[in-house]
>>> print(open('start.pdb').read())   # PDB, C-alpha atoms
ATOM      1  CA  MET A  24     119.807  54.380  41.127
ATOM      2  CA  PHE A  25     119.866  51.801  38.325
ATOM      3  CA  ALA A  26     123.252  52.982  37.015
ATOM      4  CA  VAL A  27     124.796  53.016  40.491
ATOM      5  CA  SER A  28     123.628  49.474  41.243
ATOM      6  CA  LEU A  29     124.873  48.268  37.870
ATOM      7  CA  ARG A  30     128.287  49.874  38.384
ATOM      8  CA  LEU A  31     128.545  48.274  41.804
ATOM      9  CA  TYR A  32     127.524  44.921  40.331
ATOM     10  CA  CYS A  33     130.148  45.203  37.592
ATOM     11  CA  PHE A  34     132.831  46.162  40.099
ATOM     12  CA  LEU A  35     132.040  43.308  42.466
ATOM     13  CA  PHE A  36     131.257  40.483  40.076
ATOM     14  CA  GLN A  37     132.542  41.242  36.581
ATOM     15  CA  ASN A  38     135.978  39.662  36.914
ATOM     16  CA  SER A  39     135.110  36.921  39.392
ATOM     17  CA  TYR A  40     134.268  34.567  36.525
ATOM     18  CA  ILE A  41     137.486  35.083  34.565
ATOM     19  CA  THR A  42     140.409  32.825  35.301
ATOM     20  CA  PRO A  43     143.947  34.296  35.285
ATOM     21  CA  THR A  44     144.843  32.742  31.913
ATOM     22  CA  GLN A  45     141.684  34.099  30.317
ATOM     23  CA  GLN A  46     142.587  37.668  31.242
ATOM     24  CA  LYS A  47     145.292  37.643  28.591
ATOM     25  CA  CYS A  48     144.103  38.694  25.131
ATOM     26  CA  CYS A  49     145.896  35.912  23.308
ATOM     27  CA  VAL A  50     143.919  33.016  24.806
ATOM     28  CA  MET A  51     141.856  31.300  22.139
ATOM     29  CA  ILE A  52     138.336  30.019  22.625
ATOM     30  CA  PRO A  53     138.972  26.480  23.915
ATOM     31  CA  ASP A  54     137.641  23.249  22.463
ATOM     32  CA  LEU A  55     134.272  21.984  23.637
ATOM     33  CA  ASP A  56     134.185  19.463  26.460
ATOM     34  CA  GLU A  57     132.718  15.932  26.337
ATOM     35  CA  ARG A  58     129.192  17.334  26.889
ATOM     36  CA  GLY A  59     129.564  19.692  23.923
ATOM     37  CA  ASN A  60     129.943  22.835  26.064
ATOM     38  CA  LEU A  61     132.751  25.327  26.394
ATOM     39  CA  PRO A  62     134.816  24.681  29.521
ATOM     40  CA  ALA A  63     133.744  26.741  32.550
ATOM     41  CA  GLY A  64     134.635  30.420  32.463
ATOM     42  CA  ILE A  65     134.381  33.454  30.251
ATOM     43  CA  HIS A  66     136.402  33.053  27.084
ATOM     44  CA  ARG A  67     137.276  36.244  25.264
ATOM     45  CA  ALA A  68     136.895  36.373  21.490
ATOM     46  CA  SER A  69     139.802  38.226  19.927
ATOM     47  CA  SER A  70     138.038  39.115  16.662
ATOM     48  CA  TRP A  71     134.786  38.822  14.749
ATOM     49  CA  ASP A  72     136.593  36.439  12.408
ATOM     50  CA  THR A  73     137.303  34.161  15.390
ATOM     51  CA  ILE A  74     133.592  34.067  16.251
ATOM     52  CA  HIS A  75     132.609  33.499  12.628
ATOM     53  CA  ARG A  76     135.128  30.677  12.069
ATOM     54  CA  ARG A  77     134.323  28.993  15.363
ATOM     55  CA  PHE A  78     130.525  29.194  15.407
ATOM     56  CA  GLY A  79     129.514  29.849  11.787
ATOM     57  CA  THR A  80     129.783  26.193  10.809
ATOM     58  CA  ASN A  81     126.697  26.049   8.565
ATOM     59  CA  SER A  82     124.284  28.398   6.754
ATOM     60  CA  HIS A  83     121.819  28.376   9.684
ATOM     61  CA  ARG A  84     124.511  29.492  12.124
ATOM     62  CA  ILE A  85     125.862  32.093   9.682
ATOM     63  CA  GLU A  86     122.382  33.617   9.421
ATOM     64  CA  MET A  87     122.287  33.798  13.222
ATOM     65  CA  LEU A  88     125.696  35.473  13.267
ATOM     66  CA  ASP A  89     124.447  38.057  10.772
ATOM     67  CA  GLY A  90     121.634  38.942  13.194
ATOM     68  CA  LEU A  91     124.052  39.019  16.113
ATOM     69  CA  ARG A  92     126.344  41.427  14.292
ATOM     70  CA  ILE A  93     123.455  43.836  13.597
ATOM     71  CA  ALA A  94     122.499  43.767  17.295
ATOM     72  CA  LEU A  95     126.102  44.277  18.407
ATOM     73  CA  HIS A  96     126.459  47.332  16.149
ATOM     74  CA  SER A  97     123.296  48.805  17.664
ATOM     75  CA  LEU A  98     124.505  48.170  21.211
ATOM     76  CA  LYS A  99     127.924  49.633  20.407
ATOM     77  CA  GLN A 100     126.302  52.811  19.038
ATOM     78  CA  ALA A 101     124.686  53.269  22.470
ATOM     79  CA  GLY A 102     128.043  52.870  24.236
ATOM     80  CA  CYS A 103     127.918  49.190  25.182
ATOM     81  CA  LYS A 104     131.387  47.724  25.489
ATOM     82  CA  LYS A 105     130.787  44.071  26.424
ATOM     83  CA  VAL A 106     128.307  41.400  25.439
ATOM     84  CA  TYR A 107     128.415  37.785  26.592
ATOM     85  CA  LEU A 108     127.355  35.091  24.120
ATOM     86  CA  GLY A 109     125.935  31.839  25.431
ATOM     87  CA  GLY A 110     123.193  29.291  25.052
ATOM     88  CA  SER A 111     123.163  26.362  22.667
ATOM     89  CA  PHE A 112     124.838  28.545  20.044
ATOM     90  CA  VAL A 113     128.208  28.111  21.770
ATOM     91  CA  THR A 114     127.792  24.328  21.984
ATOM     92  CA  ASN A 115     128.103  21.512  19.457
ATOM     93  CA  LYS A 116     124.395  21.765  18.526
ATOM     94  CA  GLN A 117     124.241  21.991  14.722
ATOM     95  CA  HIS A 118     120.955  23.920  14.500
ATOM     96  CA  PRO A 119     120.408  25.960  17.670
ATOM     97  CA  ASN A 120     117.054  27.764  17.862
ATOM     98  CA  ASP A 121     118.736  31.019  18.842
ATOM     99  CA  TYR A 122     121.618  32.410  20.864
ATOM    100  CA  ASP A 123     121.471  34.005  24.297
ATOM    101  CA  CYS A 124     123.321  37.206  25.099
ATOM    102  CA  CYS A 125     123.618  39.372  28.125
ATOM    103  CA  TRP A 126     125.104  42.821  27.867
ATOM    104  CA  ASP A 127     126.918  45.079  30.276
ATOM    105  CA  ALA A 128     125.135  48.416  30.703
ATOM    106  CA  ASN A 129     128.229  50.190  32.036
ATOM    107  CA  GLY A 130     128.666  53.312  29.879
ATOM    108  CA  VAL A 131     125.480  52.782  27.855
ATOM    109  CA  ASP A 132     123.522  55.928  26.969
ATOM    110  CA  GLU A 133     119.865  54.973  27.421
ATOM    111  CA  ASN A 134     118.847  57.772  25.040
ATOM    112  CA  ARG A 135     120.822  56.131  22.220
ATOM    113  CA  LEU A 136     119.827  52.562  23.099
ATOM    114  CA  ASP A 137     117.210  50.838  20.957
ATOM    115  CA  LYS A 138     114.378  50.078  23.399
ATOM    116  CA  ILE A 139     114.144  46.516  22.079
ATOM    117  CA  PHE A 140     117.155  45.732  24.302
ATOM    118  CA  LEU A 141     115.150  46.739  27.389
ATOM    119  CA  ASP A 142     111.977  44.792  26.598
ATOM    120  CA  PHE A 143     112.288  41.529  28.524
ATOM    121  CA  SER A 144     108.625  40.577  28.137
ATOM    122  CA  PRO A 145     107.812  37.404  26.177
ATOM    123  CA  SER A 146     106.701  39.511  23.187
ATOM    124  CA  GLY A 147     109.856  41.634  23.416
ATOM    125  CA  ARG A 148     112.050  38.550  23.452
ATOM    126  CA  GLN A 149     110.152  37.185  20.420
ATOM    127  CA  ARG A 150     110.786  40.482  18.600
ATOM    128  CA  GLN A 151     114.490  40.199  19.412
ATOM    129  CA  LYS A 152     114.564  36.651  18.029
ATOM    130  CA  PHE A 153     112.734  37.725  14.872
ATOM    131  CA  ILE A 154     115.016  40.691  14.209
ATOM    132  CA  PHE A 155     118.371  39.486  15.571
ATOM    133  CA  LYS A 156     117.922  35.671  15.691
ATOM    134  CA  GLY A 157     118.692  35.700  19.426
ATOM    135  CA  GLU A 158     117.785  37.154  22.807
ATOM    136  CA  PHE A 159     119.411  39.930  24.827
ATOM    137  CA  VAL A 160     119.119  40.676  28.541
ATOM    138  CA  LEU A 161     121.102  42.868  30.907
ATOM    139  CA  SER A 162     123.932  40.911  32.516
ATOM    140  CA  SER A 163     122.996  42.235  35.951
ATOM    141  CA  ILE A 164     119.294  41.348  35.871
ATOM    142  CA  ILE A 165     118.398  38.490  38.183
ATOM    143  CA  GLU A 166     117.007  35.364  36.531
ATOM    144  CA  GLY A 167     113.868  34.548  38.526
ATOM    145  CA  ALA A 168     113.974  30.763  38.923
ATOM    146  CA  THR A 169     117.598  30.622  40.083
ATOM    147  CA  ASN A 170     117.892  34.050  41.713
ATOM    148  CA  THR A 171     121.252  34.634  39.998
ATOM    149  CA  PRO A 172     122.398  37.382  37.602
ATOM    150  CA  PHE A 173     122.105  36.386  33.944
ATOM    151  CA  LEU A 174     125.876  36.573  33.567
ATOM    152  CA  ASP A 175     126.087  33.701  36.048
ATOM    153  CA  PHE A 176     122.914  31.961  34.844
ATOM    154  CA  PHE A 177     124.312  31.657  31.301
ATOM    155  CA  GLN A 178     127.313  29.801  32.751
ATOM    156  CA  THR A 179     125.177  27.035  34.251
ATOM    157  CA  ASP A 180     124.346  23.851  32.345
ATOM    158  CA  ARG A 181     120.571  23.379  32.651
ATOM    159  CA  GLU A 182     120.824  19.588  32.681
ATOM    160  CA  THR A 183     123.708  19.017  35.093
ATOM    161  CA  LEU A 184     123.658  22.393  36.907
ATOM    162  CA  GLY A 185     127.443  22.324  36.477
ATOM    163  CA  ARG A 186     129.489  25.226  35.163
ATOM    164  CA  LYS A 187     129.948  25.843  31.435
ATOM    165  CA  GLY A 188     131.629  28.530  29.403
ATOM    166  CA  ILE A 189     130.410  31.595  27.539
ATOM    167  CA  VAL A 190     132.146  33.977  25.145
ATOM    168  CA  GLU A 191     132.949  37.608  25.922
ATOM    169  CA  LEU A 192     132.573  39.964  22.979
ATOM    170  CA  ASN A 193     134.451  43.211  23.496
ATOM    171  CA  LEU A 194     132.645  45.530  21.095
ATOM    172  CA  GLU A 195     135.488  48.038  20.993
ATOM    173  CA  GLU A 196     137.742  45.328  19.527
ATOM    174  CA  LEU A 197     135.302  43.272  17.455
ATOM    175  CA  LEU A 198     133.438  45.936  15.485
TER
END
>>> encode(input="start.pdb", output="structure tokens")
Amino acid sequence: MFAVSLRLYCFLFQNSYITPTQQKCCVMIPDLDERGNLPAGIHRASSWDTIHRRFGTNSHRIEMLDGLRIALHSLKQAGCKKVYLGGSFVTNKQHPNDYDCCWDANGVDENRLDKIFLDFSPSGRQRQKFIFKGEFVLSSIIEGATNTPFLDFFQTDRETLGRKGIVELNLEELL
């Protein structure tokens, strides 16, 4: 039942957040807007080097990227193909506390998936932060306070409630 609902979710909503120009692989991650956010939409990273150059601007951020890369390798080993990177990490904040990721479960083999990626309890999220320097949730899970899927929730500015951008990481291309 879970896999069927997730597939349906991906089919119905996956591409509704991508603008026509972003569907092309050559589009670069755009500059931040006046609020320090990425412009609204899902912006595809073309390579790990692109992510590193763009967001690894100091030693703190590079350490976070090292944790992210370890997590992405683990997710890829389980068959995950897409992860969406958001939170203050993809803003102009010099020392974000962590990064926020949601991952697409389409094609993921639960038997090969590290169970840490399925523990959404406060202690599980703390473990994720300790090990990977960021948090991971399923893109299709509904965020309780807003009643929206995390893929959509991560694209909402908490202060203005306006739209902001996130970065799509295609694990088949990046790693």
>>> residues_around(input="start.pdb", residues="Val106 of chain A", least_positions_apart="3", cutoff="9 Å", atoms="all atoms listed in the file", output="VMD selection string")
chain A and resid 95 98 103 124 to 127 162 190 to 194
>>> closest_residue(input="start.pdb", among="A:Lys187, A:His118, A:Arg135, A:Arg92", to="Ile74 of chain A", atoms="only C-alpha atoms")
A:Arg92
>>> resolve_selection(input="start.pdb", expression="the PyMOL selection byres ((chain A and resi 154) around 12)", output="list in words")
Glu86, Met87, Leu88, Asp89, Gly90, Leu91, Arg92, Ile93, Ala94, Asp121, Ile139, Phe140, Gly147, Arg148, Gln149, Arg150, Gln151, Lys152, Phe153, Phe155, Lys156, Gly157, Glu158 and Phe159 of chain A
>>> write_last_selection(input="start.pdb", atoms="C-alpha atoms", output="JSON list (two decimals), in the coordinates of the input")
[["chain", "number", "residue", "atom", "x", "y", "z"],
["A", 86, "GLU", "CA", 122.38, 33.62, 9.42],
["A", 87, "MET", "CA", 122.29, 33.80, 13.22],
["A", 88, "LEU", "CA", 125.70, 35.47, 13.27],
["A", 89, "ASP", "CA", 124.45, 38.06, 10.77],
["A", 90, "GLY", "CA", 121.63, 38.94, 13.19],
["A", 91, "LEU", "CA", 124.05, 39.02, 16.11],
["A", 92, "ARG", "CA", 126.34, 41.43, 14.29],
["A", 93, "ILE", "CA", 123.46, 43.84, 13.60],
["A", 94, "ALA", "CA", 122.50, 43.77, 17.30],
["A", 121, "ASP", "CA", 118.74, 31.02, 18.84],
["A", 139, "ILE", "CA", 114.14, 46.52, 22.08],
["A", 140, "PHE", "CA", 117.16, 45.73, 24.30],
["A", 147, "GLY", "CA", 109.86, 41.63, 23.42],
["A", 148, "ARG", "CA", 112.05, 38.55, 23.45],
["A", 149, "GLN", "CA", 110.15, 37.18, 20.42],
["A", 150, "ARG", "CA", 110.79, 40.48, 18.60],
["A", 151, "GLN", "CA", 114.49, 40.20, 19.41],
["A", 152, "LYS", "CA", 114.56, 36.65, 18.03],
["A", 153, "PHE", "CA", 112.73, 37.72, 14.87],
["A", 155, "PHE", "CA", 118.37, 39.49, 15.57],
["A", 156, "LYS", "CA", 117.92, 35.67, 15.69],
["A", 157, "GLY", "CA", 118.69, 35.70, 19.43],
["A", 158, "GLU", "CA", 117.78, 37.15, 22.81],
["A", 159, "PHE", "CA", 119.41, 39.93, 24.83]]
>>> atom_distance(input="start.pdb", atom1="atom CA of Leu136 of chain A", atom2="atom CA of His96 of chain A")
10.9 Å
>>> atom_distance(input="start.pdb", atom1="atom CA of Gly188 of chain A", atom2="atom CA of Lys104 of chain A")
19.6 Å
>>> axis_aligned_box(input="start.pdb", around="segment 58-75 of chain A", padding_each_side="6 Å", output="AutoDock Vina command-line options")
--center_x 134.5 --center_y 28.2 --center_z 22.5 --size_x 22.6 --size_y 33.8 --size_z 32.1
>>> residues_around(input="start.pdb", residues="Met51 of chain A", least_positions_apart="3", cutoff="8 Å", atoms="all atoms listed in the file", output="list in words")
His66, Arg67, Ala68 and Ser69 of chain A
>>> resolve_selection(input="start.pdb", expression="the PyMOL selection byres ((chain A and resi 131) around 7)", output="VMD selection string")
chain A and resid 101 to 103 128 to 130 132 to 133
>>> write_last_selection(input="start.pdb", atoms="C-alpha atoms", output="mmCIF file, keeping the file's coordinate frame")
data_model
loop_
_atom_site.group_PDB
_atom_site.id
_atom_site.type_symbol
_atom_site.label_atom_id
_atom_site.label_comp_id
_atom_site.auth_asym_id
_atom_site.auth_seq_id
_atom_site.Cartn_x
_atom_site.Cartn_y
_atom_site.Cartn_z
ATOM 1 C CA ALA A 101 124.686 53.269 22.470
ATOM 2 C CA GLY A 102 128.043 52.870 24.236
ATOM 3 C CA CYS A 103 127.918 49.190 25.182
ATOM 4 C CA ALA A 128 125.135 48.416 30.703
ATOM 5 C CA ASN A 129 128.229 50.190 32.036
ATOM 6 C CA GLY A 130 128.666 53.312 29.879
ATOM 7 C CA ASP A 132 123.522 55.928 26.969
ATOM 8 C CA GLU A 133 119.865 54.973 27.421
#
>>> closest_residue(input="start.pdb", among="A:Leu55, A:Arg77, A:Pro62, A:Asn120", to="Gln178 of chain A", atoms="all atoms listed in the file")
A:Pro62
>>> atom_distance(input="start.pdb", atom1="atom CA of Arg58 of chain A", atom2="atom CA of Leu184 of chain A")
12.5 Å
>>> resolve_selection(input="start.pdb", expression="the PyMOL selection byres ((chain A and resi 59) around 8)", output="list in words")
Leu55, Asp56, Glu57, Arg58, Asn60, Leu61, Thr114, Asn115 and Lys116 of chain A
>>> closest_residue(input="start.pdb", among="A:Leu174, A:Val113, A:Ile189, A:Leu198", to="Ala63 of chain A", atoms="only C-alpha atoms")
A:Ile189
>>> closest_residue(input="start.pdb", among="A:Ser97, A:Thr73, A:Ser82, A:Ser146", to="Gln117 of chain A", atoms="only C-alpha atoms")
A:Ser82
